[in-house]
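Shown here: input21.txt, compact mmCIF, C-alpha atoms.
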```txt
# COMPACT_ATOMS: atom_id res chain seq x y z
CA MET A 1068 63.88 105.67 -27.69
CA ARG A 1069 66.91 104.87 -25.57
CA SER A 1070 69.96 107.09 -25.86
CA PRO A 1071 73.06 105.51 -27.47
CA LEU A 1072 75.04 106.72 -24.46
CA PRO A 1073 75.68 104.29 -21.56
CA ARG A 1074 73.05 104.54 -18.85
CA ILE A 1075 74.06 105.09 -15.22
CA VAL A 1076 71.22 104.58 -12.76
CA ILE A 1077 71.48 105.94 -9.21
CA VAL A 1078 69.01 104.61 -6.63
CA GLY A 1079 68.48 106.94 -3.68
CA ALA A 1080 68.62 110.74 -3.49
CA GLY A 1081 70.29 111.03 -0.12
CA PHE A 1082 73.69 112.59 0.37
CA ALA A 1083 75.55 109.80 -1.44
CA GLY A 1084 73.18 109.56 -4.40
CA LEU A 1085 72.90 113.31 -4.84
CA GLN A 1086 76.66 113.74 -4.75
CA ALA A 1087 77.15 110.95 -7.29
CA ALA A 1088 74.62 112.53 -9.65
CA ARG A 1089 76.21 115.97 -9.42
CA HIS A 1090 79.72 114.65 -10.02
CA LEU A 1091 78.54 112.81 -13.13
CA ARG A 1092 77.62 116.12 -14.80
CA PRO A 1093 80.63 115.97 -17.20
CA ALA A 1094 80.18 112.26 -17.97
CA ALA A 1095 79.33 111.17 -21.50
CA ALA A 1096 76.42 109.13 -20.15
CA GLU A 1097 72.70 109.17 -19.53
CA VAL A 1098 72.24 109.53 -15.75
CA VAL A 1099 68.95 108.50 -14.12
CA LEU A 1100 68.30 109.29 -10.45
CA ILE A 1101 65.54 107.24 -8.81
CA ASP A 1102 63.92 108.04 -5.48
CA ALA A 1103 60.54 107.41 -3.89
CA GLN A 1104 60.26 111.13 -3.17
CA SER A 1105 60.45 114.15 -5.44
CA HIS A 1106 62.98 115.86 -3.19
CA HIS A 1107 66.23 115.45 -1.29
CA ALA A 1108 65.78 115.82 2.47
CA PHE A 1109 68.58 117.49 4.43
CA ILE A 1110 68.56 115.05 7.33
CA PRO A 1111 70.90 116.94 9.73
CA LEU A 1112 68.21 119.62 10.18
CA VAL A 1113 65.05 117.50 10.39
CA TYR A 1114 65.17 117.63 14.19
CA GLN A 1115 64.56 121.38 13.85
CA VAL A 1116 61.34 120.56 12.02
CA ALA A 1117 60.39 118.35 14.98
CA THR A 1118 61.11 121.21 17.40
CA ALA A 1119 59.06 123.71 15.34
CA LEU A 1120 62.07 125.86 14.49
CA LEU A 1121 62.00 125.21 10.73
CA PRO A 1122 59.18 124.43 8.27
CA PRO A 1123 59.71 121.17 6.35
CA GLN A 1124 59.95 122.87 2.96
CA ARG A 1125 63.18 124.57 4.06
CA VAL A 1126 65.09 121.32 4.59
CA ARG A 1127 64.29 119.75 1.24
CA PHE A 1128 65.58 120.35 -2.28
CA SER A 1129 63.62 119.62 -5.45
CA LEU A 1130 65.14 116.88 -7.59
CA ALA A 1131 63.40 118.39 -10.63
CA ARG A 1132 65.42 121.55 -10.08
CA LEU A 1133 68.60 119.48 -10.02
CA ALA A 1134 67.63 117.82 -13.30
CA HIS A 1135 66.90 121.23 -14.82
CA GLN A 1136 70.43 122.32 -13.91
CA GLN A 1137 72.13 119.20 -15.31
CA ALA A 1138 71.61 118.31 -18.97
CA ASN A 1139 72.53 114.61 -18.73
CA LEU A 1140 70.35 113.93 -15.66
CA GLN A 1141 66.81 112.54 -15.52
CA VAL A 1142 64.84 112.09 -12.31
CA ARG A 1143 62.33 109.28 -11.89
CA GLN A 1144 60.05 109.08 -8.86
CA SER A 1145 59.60 105.38 -8.20
CA THR A 1146 60.52 102.57 -5.83
CA VAL A 1147 62.74 99.58 -6.49
CA VAL A 1148 61.22 96.14 -6.03
CA THR A 1149 64.18 94.02 -7.18
CA VAL A 1150 67.62 94.52 -8.65
CA ASP A 1151 68.23 91.88 -11.33
CA LEU A 1152 72.01 91.76 -11.35
CA ALA A 1153 72.18 89.03 -13.98
CA GLN A 1154 70.02 90.92 -16.49
CA LYS A 1155 71.28 94.38 -15.43
CA CYS A 1156 67.74 95.59 -14.92
CA LEU A 1157 65.75 97.24 -12.13
CA ARG A 1158 62.22 96.02 -11.42
CA LEU A 1159 60.38 99.15 -10.31
CA SER A 1160 56.92 99.76 -8.91
CA ASP A 1161 55.99 101.29 -12.27
CA GLY A 1162 57.95 99.19 -14.76
CA GLU A 1163 61.48 98.09 -15.58
CA LEU A 1164 64.67 100.05 -16.20
CA PRO A 1165 67.77 98.48 -17.77
CA TYR A 1166 71.14 99.90 -16.79
CA ASP A 1167 74.75 99.71 -17.90
CA TYR A 1168 76.07 100.91 -14.55
CA LEU A 1169 74.31 101.08 -11.20
CA VAL A 1170 74.94 103.10 -8.04
CA LEU A 1171 72.97 101.94 -5.00
CA ALA A 1172 72.67 104.65 -2.36
CA THR A 1173 69.66 103.31 -0.49
CA GLY A 1174 70.61 104.65 2.93
CA SER A 1175 69.50 103.12 6.21
CA ARG A 1176 66.48 102.79 8.46
CA PRO A 1177 65.92 102.75 12.24
CA GLU A 1178 66.60 99.35 13.78
CA LEU A 1179 63.55 98.91 16.00
CA SER A 1180 62.82 95.23 15.54
CA GLN A 1181 65.29 94.03 18.19
CA LEU A 1182 63.65 96.00 21.01
CA PRO A 1183 60.29 94.66 22.22
CA GLY A 1184 57.50 97.15 21.64
CA ALA A 1185 59.65 99.74 19.89
CA GLU A 1186 58.09 99.38 16.45
CA VAL A 1187 54.66 100.16 17.89
CA ALA A 1188 55.30 102.58 20.74
CA ALA A 1189 58.43 104.55 19.75
CA LEU A 1190 58.68 107.36 17.22
CA PRO A 1191 61.79 107.32 15.01
CA LEU A 1192 63.49 110.48 13.75
CA ALA A 1193 64.98 109.54 10.42
CA GLY A 1194 63.17 111.69 7.87
CA LEU A 1195 60.77 114.57 7.33
CA ALA A 1196 57.62 112.51 7.88
CA ASP A 1197 59.06 111.27 11.19
CA ALA A 1198 59.92 114.82 12.24
CA ILE A 1199 56.42 116.09 11.46
CA ALA A 1200 54.78 113.18 13.29
CA LEU A 1201 56.98 113.82 16.33
CA ARG A 1202 56.26 117.55 16.23
CA ASN A 1203 52.50 116.91 16.12
CA GLN A 1204 52.73 114.37 18.94
CA ILE A 1205 54.65 116.71 21.23
CA LEU A 1206 52.44 119.73 20.54
CA ASN A 1207 49.29 117.66 21.07
CA CYS A 1208 50.59 116.26 24.36
CA TRP A 1209 51.56 119.66 25.70
CA GLN A 1210 48.23 121.15 24.66
CA GLN A 1211 46.41 118.32 26.46
CA ALA A 1212 48.59 118.85 29.53
CA ALA A 1213 47.42 122.46 29.76
CA GLN A 1214 43.86 121.16 30.25
CA GLU A 1215 44.56 117.97 32.22
CA PRO A 1216 43.35 118.11 35.86
CA ASP A 1217 45.08 114.92 37.03
CA PRO A 1218 48.68 115.71 38.14
CA GLU A 1219 50.03 112.24 37.34
CA GLN A 1220 48.62 112.19 33.82
CA ARG A 1221 49.70 115.80 33.28
CA GLN A 1222 53.29 114.88 34.15
CA ARG A 1223 53.15 111.89 31.81
CA LEU A 1224 52.04 114.19 28.99
CA LEU A 1225 54.93 116.51 29.82
CA THR A 1226 57.54 113.74 29.74
CA VAL A 1227 59.60 112.90 26.65
CA ALA A 1228 61.98 109.93 26.73
CA ILE A 1229 64.65 109.86 24.03
CA VAL A 1230 66.44 106.56 23.45
CA GLY A 1231 69.92 107.09 22.04
CA GLY A 1232 72.65 109.47 23.18
CA GLY A 1233 74.30 110.16 19.84
CA PRO A 1234 74.25 113.53 18.04
CA THR A 1235 70.60 113.23 16.98
CA GLY A 1236 69.40 112.51 20.51
CA VAL A 1237 71.52 115.31 21.96
CA GLU A 1238 70.39 117.86 19.38
CA LEU A 1239 66.73 116.88 19.71
CA VAL A 1240 66.61 117.05 23.50
CA GLY A 1241 68.28 120.46 23.53
CA GLY A 1242 65.89 121.71 20.85
CA LEU A 1243 62.85 120.53 22.80
CA GLN A 1244 64.04 122.38 25.89
CA GLU A 1245 64.32 125.58 23.82
CA LEU A 1246 60.84 125.06 22.36
CA TRP A 1247 59.41 124.66 25.86
CA GLN A 1248 61.10 127.72 27.32
CA GLY A 1249 60.79 130.01 24.32
CA THR A 1250 57.29 129.32 22.99
CA LEU A 1251 55.21 126.72 24.83
CA GLN A 1252 55.18 128.38 28.22
CA ARG A 1253 54.10 131.65 26.62
CA ARG A 1254 51.34 129.95 24.64
CA TYR A 1255 50.04 127.98 27.64
CA PRO A 1256 50.41 130.13 30.80
CA SER A 1257 48.91 127.34 32.92
CA LEU A 1258 52.04 125.26 32.25
CA ARG A 1259 54.53 127.80 33.55
CA ARG A 1260 54.64 126.17 36.96
CA GLU A 1261 54.81 122.67 35.53
CA ARG A 1262 58.01 120.71 35.00
CA LEU A 1263 58.89 119.49 31.55
CA ARG A 1264 60.69 116.19 31.98
CA LEU A 1265 63.16 115.37 29.23
CA VAL A 1266 65.00 112.07 29.71
CA LEU A 1267 67.94 111.14 27.48
CA LEU A 1268 68.75 107.43 27.72
CA GLN A 1269 72.12 106.09 26.62
CA ALA A 1270 73.07 102.41 26.89
CA GLY A 1271 76.80 103.16 26.98
CA ASP A 1272 78.79 104.89 29.68
CA ARG A 1273 78.78 108.31 28.01
CA LEU A 1274 77.00 110.42 25.42
CA LEU A 1275 78.51 110.86 21.94
CA ALA A 1276 80.50 107.66 22.20
CA ARG A 1277 82.57 108.33 19.04
CA TRP A 1278 83.63 111.77 20.30
CA PRO A 1279 86.51 112.70 22.63
CA GLU A 1280 85.65 112.15 26.29
CA ALA A 1281 86.11 115.83 27.15
CA LEU A 1282 83.42 116.85 24.67
CA SER A 1283 81.11 114.07 25.87
CA ARG A 1284 81.55 115.26 29.43
CA TYR A 1285 80.86 118.88 28.45
CA THR A 1286 77.69 117.79 26.64
CA ALA A 1287 76.33 115.88 29.63
CA GLN A 1288 77.11 118.74 31.98
CA HIS A 1289 75.48 121.35 29.75
CA LEU A 1290 72.32 119.29 29.27
CA SER A 1291 72.10 118.72 33.02
CA ARG A 1292 72.33 122.47 33.62
CA LEU A 1293 69.35 122.88 31.30
CA GLY A 1294 67.35 120.56 33.54
CA ILE A 1295 67.54 117.53 31.25
CA GLU A 1296 67.94 114.09 32.82
CA VAL A 1297 70.98 112.41 31.28
CA ARG A 1298 70.94 108.68 32.03
CA CYS A 1299 74.01 106.77 30.88
CA GLN A 1300 74.36 103.00 31.25
CA ALA A 1301 70.58 102.93 30.98
CA ARG A 1302 69.86 100.03 28.67
CA VAL A 1303 66.26 99.89 27.49
CA ALA A 1304 64.73 96.43 27.81
CA ALA A 1305 61.29 97.13 26.33
CA ILE A 1306 58.99 99.93 25.25
CA GLY A 1307 55.28 99.88 25.91
CA PRO A 1308 52.45 102.36 25.43
CA GLN A 1309 53.65 105.51 27.22
CA ARG A 1310 56.25 103.51 29.13
CA VAL A 1311 59.98 102.77 28.86
CA GLU A 1312 61.29 99.77 30.80
CA LEU A 1313 64.98 99.69 31.65
CA ALA A 1314 67.07 96.58 32.17
CA THR A 1315 67.31 97.46 35.87
CA GLY A 1316 63.54 97.09 36.21
CA GLU A 1317 62.90 100.82 36.44
CA ALA A 1318 59.99 102.15 34.38
CA ILE A 1319 59.69 105.69 33.03
CA ALA A 1320 56.19 106.97 32.27
CA ALA A 1321 56.31 109.10 29.13
CA ALA A 1322 53.60 110.02 26.64
CA THR A 1323 56.26 110.56 23.97
CA ILE A 1324 59.05 108.08 23.33
CA VAL A 1325 61.59 108.81 20.59
CA TRP A 1326 64.06 106.39 19.05
CA THR A 1327 67.34 107.95 17.89
CA GLY A 1328 69.39 104.79 18.40
CA GLY A 1329 70.87 102.35 15.92
CA LEU A 1330 70.33 102.15 12.18
CA VAL A 1331 70.48 99.21 9.81
CA ALA A 1332 71.39 99.43 6.14
CA ASN A 1333 68.42 99.38 3.78
CA ALA A 1334 69.67 96.74 1.35
CA PRO A 1335 67.48 96.11 -1.71
CA ALA A 1336 66.35 92.66 -2.82
CA THR A 1337 68.55 91.26 -5.56
CA GLN A 1338 68.65 88.37 -8.02
CA PRO A 1339 70.93 86.56 -7.35
CA GLU A 1340 70.88 87.36 -3.67
CA ILE A 1341 73.75 89.34 -2.15
CA THR A 1342 75.02 88.18 1.24
CA THR A 1343 74.75 91.03 3.73
CA LEU A 1344 76.60 91.68 6.97
CA SER A 1345 74.86 91.76 10.36
CA SER A 1346 74.51 95.53 9.91
CA GLY A 1347 72.58 94.93 6.69
CA GLN A 1348 75.48 96.37 4.68
CA TRP A 1349 76.96 94.97 1.52
CA PRO A 1350 80.70 94.17 1.50
CA VAL A 1351 82.27 96.09 -1.38
CA GLU A 1352 85.72 96.28 -2.90
CA PRO A 1353 87.96 99.24 -1.98
CA SER A 1354 86.76 100.81 -5.25
CA LEU A 1355 83.14 100.59 -3.88
CA GLN A 1356 82.22 97.99 -6.53
CA LEU A 1357 80.57 94.64 -5.90
CA ALA A 1358 83.14 91.87 -6.24
CA ASP A 1359 81.26 89.90 -8.91
CA HIS A 1360 79.58 92.88 -10.55
CA PRO A 1361 82.08 95.65 -11.37
CA GLU A 1362 79.30 97.67 -13.01
CA VAL A 1363 77.51 97.99 -9.63
CA TYR A 1364 78.56 100.37 -6.85
CA ALA A 1365 77.23 100.52 -3.29
CA VAL A 1366 77.78 103.77 -1.41
CA GLY A 1367 76.82 105.50 1.82
CA ASP A 1368 75.22 103.55 4.65
CA LEU A 1369 74.80 100.49 2.41
CA ALA A 1370 78.53 99.98 1.85
CA ALA A 1371 81.07 98.24 4.08
CA VAL A 1372 84.47 98.61 2.43
CA LYS A 1373 86.62 95.48 2.66
CA ASP A 1374 89.82 95.75 4.68
CA GLN A 1375 88.94 99.23 5.90
CA GLU A 1376 87.85 100.47 9.30
CA SER A 1377 84.09 100.72 9.80
CA LEU A 1378 82.88 104.22 8.99
CA PRO A 1379 80.05 106.09 10.76
CA ASN A 1380 76.69 106.62 9.08
CA VAL A 1381 77.12 110.35 8.59
CA ALA A 1382 76.73 112.74 5.67
CA PRO A 1383 80.46 113.40 5.04
CA VAL A 1384 81.14 109.69 4.54
CA ALA A 1385 78.17 109.34 2.20
CA MET A 1386 79.14 112.42 0.20
CA GLN A 1387 82.73 111.31 -0.26
CA MET A 1388 81.61 107.83 -1.31
CA GLY A 1389 79.18 109.31 -3.84
CA SER A 1390 81.92 111.49 -5.31
CA ALA A 1391 84.36 108.56 -5.42
CA ALA A 1392 81.84 106.31 -7.18
CA ALA A 1393 81.18 109.02 -9.78
CA ALA A 1394 84.91 109.44 -10.39
CA ASN A 1395 85.37 105.69 -10.80
CA LEU A 1396 82.44 105.48 -13.21
CA GLN A 1397 84.03 108.14 -15.38
CA ARG A 1398 87.28 106.16 -15.29
CA GLN A 1399 85.40 103.05 -16.43
CA LEU A 1400 83.73 104.99 -19.25
CA ARG A 1401 87.21 105.99 -20.46
CA GLY A 1402 88.51 102.42 -20.22
CA ARG A 1403 90.59 103.05 -17.11
CA SER A 1404 90.71 101.17 -13.81
CA PRO A 1405 88.69 102.38 -10.80
CA GLN A 1406 90.69 103.63 -7.82
CA PRO A 1407 90.32 102.70 -4.12
CA PHE A 1408 88.15 104.88 -1.92
CA HIS A 1409 89.85 106.61 1.01
CA TYR A 1410 87.80 108.57 3.50
CA TYR A 1411 89.24 111.88 4.61
CA ASP A 1412 87.86 112.81 8.02
CA LYS A 1413 87.38 116.58 7.97
CA GLY A 1414 85.95 116.47 11.47
CA ARG A 1415 82.49 116.57 12.97
CA ALA A 1416 80.15 119.07 14.53
CA ALA A 1417 77.12 118.88 16.80
CA ILE A 1418 74.90 121.34 18.59
CA ILE A 1419 73.65 120.96 22.16
CA ALA A 1420 71.52 124.07 22.57
CA ARG A 1421 71.69 127.78 21.92
CA TYR A 1422 75.27 129.06 22.24
CA ALA A 1423 76.53 125.55 22.97
CA GLY A 1424 78.06 123.49 20.18
CA LEU A 1425 80.88 121.06 19.53
CA VAL A 1426 83.46 120.87 16.75
CA LYS A 1427 86.15 118.19 16.46
CA THR A 1428 88.81 118.13 13.76
CA GLU A 1429 92.24 116.52 13.59
CA ARG A 1430 93.86 119.63 15.05
CA LEU A 1431 91.03 121.35 16.88
CA GLN A 1432 88.44 120.80 19.60
CA LEU A 1433 85.87 123.50 20.27
CA GLN A 1434 82.96 123.72 22.67
CA GLY A 1435 80.55 126.47 23.64
CA TRP A 1436 79.48 129.48 21.56
CA LEU A 1437 82.27 129.18 18.98
CA GLY A 1438 81.41 125.53 18.35
CA TRP A 1439 77.74 126.57 18.07
CA LEU A 1440 78.56 129.29 15.52
CA LEU A 1441 80.69 126.96 13.41
CA TRP A 1442 77.93 124.35 13.48
CA LEU A 1443 75.49 126.92 12.10
CA LEU A 1444 77.86 128.00 9.33
CA ILE A 1445 78.74 124.43 8.34
CA HIS A 1446 75.14 123.29 8.07
CA VAL A 1447 73.78 126.30 6.24
CA GLY A 1448 76.73 125.98 3.85
CA TYR A 1449 75.87 122.37 2.99
CA LEU A 1450 72.12 122.99 2.75
CA PRO A 1451 71.13 122.77 -0.95
CA GLY A 1452 69.50 125.84 -2.49
CA TRP A 1453 70.26 129.48 -1.74
CA ARG A 1454 66.60 130.19 -0.97
CA ASN A 1455 66.66 127.49 1.67
CA GLN A 1456 69.89 128.90 3.07
CA LEU A 1457 68.46 132.42 3.40
CA ALA A 1458 65.20 131.15 4.90
CA VAL A 1459 66.99 128.99 7.47
CA LEU A 1460 69.29 131.86 8.46
CA GLY A 1461 66.21 134.06 8.88
CA ALA A 1462 64.47 131.47 11.04
CA TRP A 1463 67.54 131.07 13.26
CA LEU A 1464 67.91 134.83 13.65
CA GLY A 1465 64.22 135.23 14.46
CA ASP A 1466 64.47 132.55 17.12
CA LEU A 1467 67.50 134.26 18.66
CA VAL A 1468 65.61 137.55 19.04
CA GLY A 1469 62.62 135.82 20.63
CA ARG A 1470 60.17 135.32 17.77
CA PRO A 1471 57.70 132.58 18.82
CA ARG A 1472 57.84 129.34 16.87
CA SER A 1473 54.83 128.19 14.87
CA LEU A 1474 52.73 125.62 16.72
CA GLN A 1475 50.67 124.68 13.68
CA ARG A 1476 50.11 120.94 13.20
CA LEU A 1477 51.43 119.68 9.88
CA ASP A 1478 50.44 116.83 7.58
CA PRO A 1479 53.24 114.25 7.33
CA GLN A 1480 51.60 112.34 4.45
CA PRO A 1481 53.32 114.21 1.56
CA TYR A 1482 56.69 113.27 3.05
CA ARG A 1483 56.01 109.58 3.68
CA ARG A 1484 57.70 106.96 1.56
CA PRO A 1485 55.64 104.13 0.05
CA ARG A 1486 55.64 100.96 2.13
CA SER A 1487 54.90 98.43 -0.61
CA ALA A 1488 58.32 98.19 -2.22
CA THR A 1489 61.66 96.82 -1.11
CA ILE A 1490 63.19 100.26 -0.71
CA GLU A 1491 60.08 101.78 0.77
CA ALA A 1492 61.90 103.33 3.72
CA MET A 1493 64.96 104.81 2.07
CA ILE A 1494 66.53 107.22 4.51
CA PRO A 1495 69.15 109.49 3.01
CA ASP A 1496 72.59 108.86 4.45
CA GLN A 1497 73.06 111.07 7.48
```

Would you encode the structure as structure tokens?
Amino acid sequence: MRSPLPRIVIVGAGFAGLQAARHLRPAAAEVVLIDAQSHHAFIPLVYQVATALLPPQRVRFSLARLAHQQANLQVRQSTVVTVDLAQKCLRLSDGELPYDYLVLATGSRPELSQLPGAEVAALPLAGLADAIALRNQILNCWQQAAQEPDPEQRQRLLTVAIVGGGPTGVELVGGLQELWQGTLQRRYPSLRRERLRLVLLQAGDRLLARWPEALSRYTAQHLSRLGIEVRCQARVAAIGPQRVELATGEAIAAATIVWTGGLVANAPATQPEITTLSSGQWPVEPSLQLADHPEVYAVGDLAAVKDQESLPNVAPVAMQMGSAAAANLQRQLRGRSPQPFHYYDKGRAAIIARYAGLVKTERLQLQGWLGWLLWLLIHVGYLPGWRNQLAVLGAWLGDLVGRPRSLQRLDPQPYRRPRSATIEAMIPDQ
């Protein structure tokens, strides 16, 4: 029997959806959180799963535990097929769910379709299943290289090309270099004289394009000192099996090709249809509501706020939008008017490699070991669950003192999202 309280349905348990659910704790409403998975994945650390530094269970948080902690919250593991805006009802893979208010936090997905061959030959890094698949691919290639007699094929197996010079690409390439130096060469002595080739490809004229030029320059210099090939103004024209073709005609032979480039919003199918922007985003009012449906909010990567500057697809934006939507919903429940959303940029942080990090705030720019330390503290602080926090700190400390990383192959299947529904590839806002 349905509760007499108004029902607020949140679709997507990424940063935006999770924050909205938590901030609705005091609301006099029935809150339902829907996601295809049973857990929230902490996307900023999934690259450390790919580089064998962290096990996947330490970067996820059980949604059932969240529901246990919040009396007005229910969690439903399902996928959305269609949002019926006229009837205020969700068509799910396992039934229907009416709503009074709706928060869509469906995240984004890698935009591979515009690059020939990328959907088949490139590995994305946008979730836990992607990270595990990449980890297995790299470990398998390096194991094969230890037994490969042909020098050309051995070098191909030892080459990783990463397309995209944003924070994810930078953090991944630095992490792979650490994995190679700290664990792989000890496990496979025959590879000690071989050269690991890591190529970071950036279409623009510098890495970390949204960051200050001084920090971009420091990043490129530090990666180069680690032996990583940093290739700016290297636009990829096509990706084939074990091959990256640049617009200049140059081809790079690589057994592993990783896509960390652009994302597109993962907009759900609706009735009536909502017109999306070229980015896949929905235009929303400053209050984060749909213009013709004030009971519907779009947040995180899905939302493009009218008359406001475009915001990056990062966790702080998603979290603030989720909180703002929850606050406006509580205003609506009390008969008050929703307020405009204003993003407060607290700054950003990225890690390059051990003892090398970046922090940028309105008043401060840091690079080197202090930036690295602040990055660690920021991310462990935001990681949900104190057990996860302690385990991650322990893994980082063990790595610092030289403990070898686990080279066990993992099964990505438990972390895959269903591919039969409209929101089958929901990636939590990053």

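Take CA of Leu1091 (chain A) and CA of Pro1451 (chain A): the distance between them is 17.4 Å.
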
Nearby residues, (74.7, 97.3, -16.5) file frame, 6 Å, all atoms listed in the file, as an mmCIF file with C-alpha atoms, in the frame of the given file:
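And here's selection_14.cif as it stands now:
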```cif
data_model
loop_
_atom_site.group_PDB
_atom_site.id
_atom_site.type_symbol
_atom_site.label_atom_id
_atom_site.label_comp_id
_atom_site.auth_asym_id
_atom_site.auth_seq_id
_atom_site.Cartn_x
_atom_site.Cartn_y
_atom_site.Cartn_z
ATOM 1 C CA LYS A 1155 71.280 94.380 -15.430
ATOM 2 C CA TYR A 1166 71.140 99.900 -16.790
ATOM 3 C CA ASP A 1167 74.750 99.710 -17.900
ATOM 4 C CA TYR A 1168 76.070 100.910 -14.550
ATOM 5 C CA GLU A 1362 79.300 97.670 -13.010
#
```

Item checked: Spatial neighbours of Arg1472 (chain A), 12 Å, all atoms listed in the file, chain gap at least 5 places, as a ChimeraX atom specification -> /A:1115-1122,1202,1206,1242-1243,1245-1254,1462-1467

Note to self: I'd like the contact shell of Ile1077 (chain A) - 9 Å cut-off, all atoms listed in the file, skipping same-chain residues fewer than 3 positions apart - returned as a ChimeraX atom specification.
What the structure shows: /A:1080,1084-1085,1087-1088,1098-1102,1168-1172

Same residues, C-alpha atoms, saved as a PDB file, in the frame of the given file:
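Result file follows (selection-v9.pdb):
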```pdb
ATOM      1  CA  ALA A1080      68.620 110.740  -3.490  1.00  0.00           C
ATOM      2  CA  GLY A1084      73.180 109.560  -4.400  1.00  0.00           C
ATOM      3  CA  LEU A1085      72.900 113.310  -4.840  1.00  0.00           C
ATOM      4  CA  ALA A1087      77.150 110.950  -7.290  1.00  0.00           C
ATOM      5  CA  ALA A1088      74.620 112.530  -9.650  1.00  0.00           C
ATOM      6  CA  VAL A1098      72.240 109.530 -15.750  1.00  0.00           C
ATOM      7  CA  VAL A1099      68.950 108.500 -14.120  1.00  0.00           C
ATOM      8  CA  LEU A1100      68.300 109.290 -10.450  1.00  0.00           C
ATOM      9  CA  ILE A1101      65.540 107.240  -8.810  1.00  0.00           C
ATOM     10  CA  ASP A1102      63.920 108.040  -5.480  1.00  0.00           C
ATOM     11  CA  TYR A1168      76.070 100.910 -14.550  1.00  0.00           C
ATOM     12  CA  LEU A1169      74.310 101.080 -11.200  1.00  0.00           C
ATOM     13  CA  VAL A1170      74.940 103.100  -8.040  1.00  0.00           C
ATOM     14  CA  LEU A1171      72.970 101.940  -5.000  1.00  0.00           C
ATOM     15  CA  ALA A1172      72.670 104.650  -2.360  1.00  0.00           C
TER      16      ALA A1172
END
```

Enclose region 1119-1130 of chain A, meaning all of its atoms listed in the file, in a box aligned along x, y and z, pad it by 4 Å on each side, and list the centre and edge lengths in Å to one decimal, as lines of an AutoDock Vina configuration file.
```
center_x = 62.3
center_y = 121.4
center_z = 3.9
size_x = 14.5
size_y = 17.0
size_z = 30.9
```

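For the choices A:Leu1239, A:Leu1355, A:Val1126, A:Val1303, the atom-to-atom distance to Ala1458 (chain A) is smallest for A:Val1126 when using only C-alpha atoms.
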
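CA of Pro1350 (chain A) sits 9.8 Å away from CA of Asp1374 (chain A).
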
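Every polymer residue reaching to within 9 Å of (69.0, 107.1, 28.7), counting all atoms listed in the file, appears in this list: A:Ala1228, A:Ile1229, A:Val1230, A:Gly1231, A:Gly1232, A:Val1266, A:Leu1267, A:Leu1268, A:Gln1269, A:Ala1270, A:Gly1271, A:Glu1296, A:Val1297, A:Arg1298, A:Cys1299, A:Gln1300, A:Ala1301, A:Arg1302, A:Val1303, A:Leu1313.
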
Go ahead and dump the residues you just picked, C-alpha atoms, as a compact mmCIF listing (two decimals), in the frame of the given file.
```txt
# COMPACT_ATOMS: atom_id res chain seq x y z
CA ALA A 1228 61.98 109.93 26.73
CA ILE A 1229 64.65 109.86 24.03
CA VAL A 1230 66.44 106.56 23.45
CA GLY A 1231 69.92 107.09 22.04
CA GLY A 1232 72.65 109.47 23.18
CA VAL A 1266 65.00 112.07 29.71
CA LEU A 1267 67.94 111.14 27.48
CA LEU A 1268 68.75 107.43 27.72
CA GLN A 1269 72.12 106.09 26.62
CA ALA A 1270 73.07 102.41 26.89
CA GLY A 1271 76.80 103.16 26.98
CA GLU A 1296 67.94 114.09 32.82
CA VAL A 1297 70.98 112.41 31.28
CA ARG A 1298 70.94 108.68 32.03
CA CYS A 1299 74.01 106.77 30.88
CA GLN A 1300 74.36 103.00 31.25
CA ALA A 1301 70.58 102.93 30.98
CA ARG A 1302 69.86 100.03 28.67
CA VAL A 1303 66.26 99.89 27.49
CA LEU A 1313 64.98 99.69 31.65
```

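Using only C-alpha atoms, the nearest neighbour of Ile1110 (chain A) within the list A:Ala1382, A:Ala1153, A:Ala1320, A:Leu1133 is A:Ala1382.
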
Check: Can you tell me how far CA of Asp1412 (chain A) sits from CA of Trp1278 (chain A), in Å to one decimal?
Finding: 13.0 Å

Note to self: Need to verify the contact set: region 1364-1367 of chain A, 7 Å, all atoms listed in the file, exclusion of same-chain residues closer than 3 positions in sequence. Can you return it as a ChimeraX atom specification?
What the structure shows: /A:1083,1169-1172,1174,1351,1355-1357,1370,1384-1385,1388-1389,1392,1496

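Each of A:Asn1207, A:Ala1189, A:Pro1165, A:Gln1387 was checked against Arg1069 (chain A) using only C-alpha atoms; the smallest atom-to-atom distance is that of A:Pro1165.
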
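With all atoms listed in the file as the atoms that count, the residue of A:Asp1478, A:Glu1352, A:Asp1359, A:Asp1217 with the shortest distance to Pro1339 (chain A) is A:Asp1359.
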
Notebook entry, point to check: For Arg1127 (chain A), which residue among A:Leu1195, A:Val1227, A:Leu1444, A:Leu1157 is the nearest when counting only C-alpha atoms?
Noted result: A:Leu1195

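Of the residues under consideration (A:Gln1181, A:Ser1145, A:Tyr1255, A:Ser1105), A:Ser1145 shows the shortest atom-to-atom contact distance to Asp1161 (chain A) when counting only C-alpha atoms.
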
Checklist line | Contacts of Leu1159 (chain A) at 6 Å (only C-alpha atoms; same-chain gap of 6+ positions) as a count of residues only | finding: 3
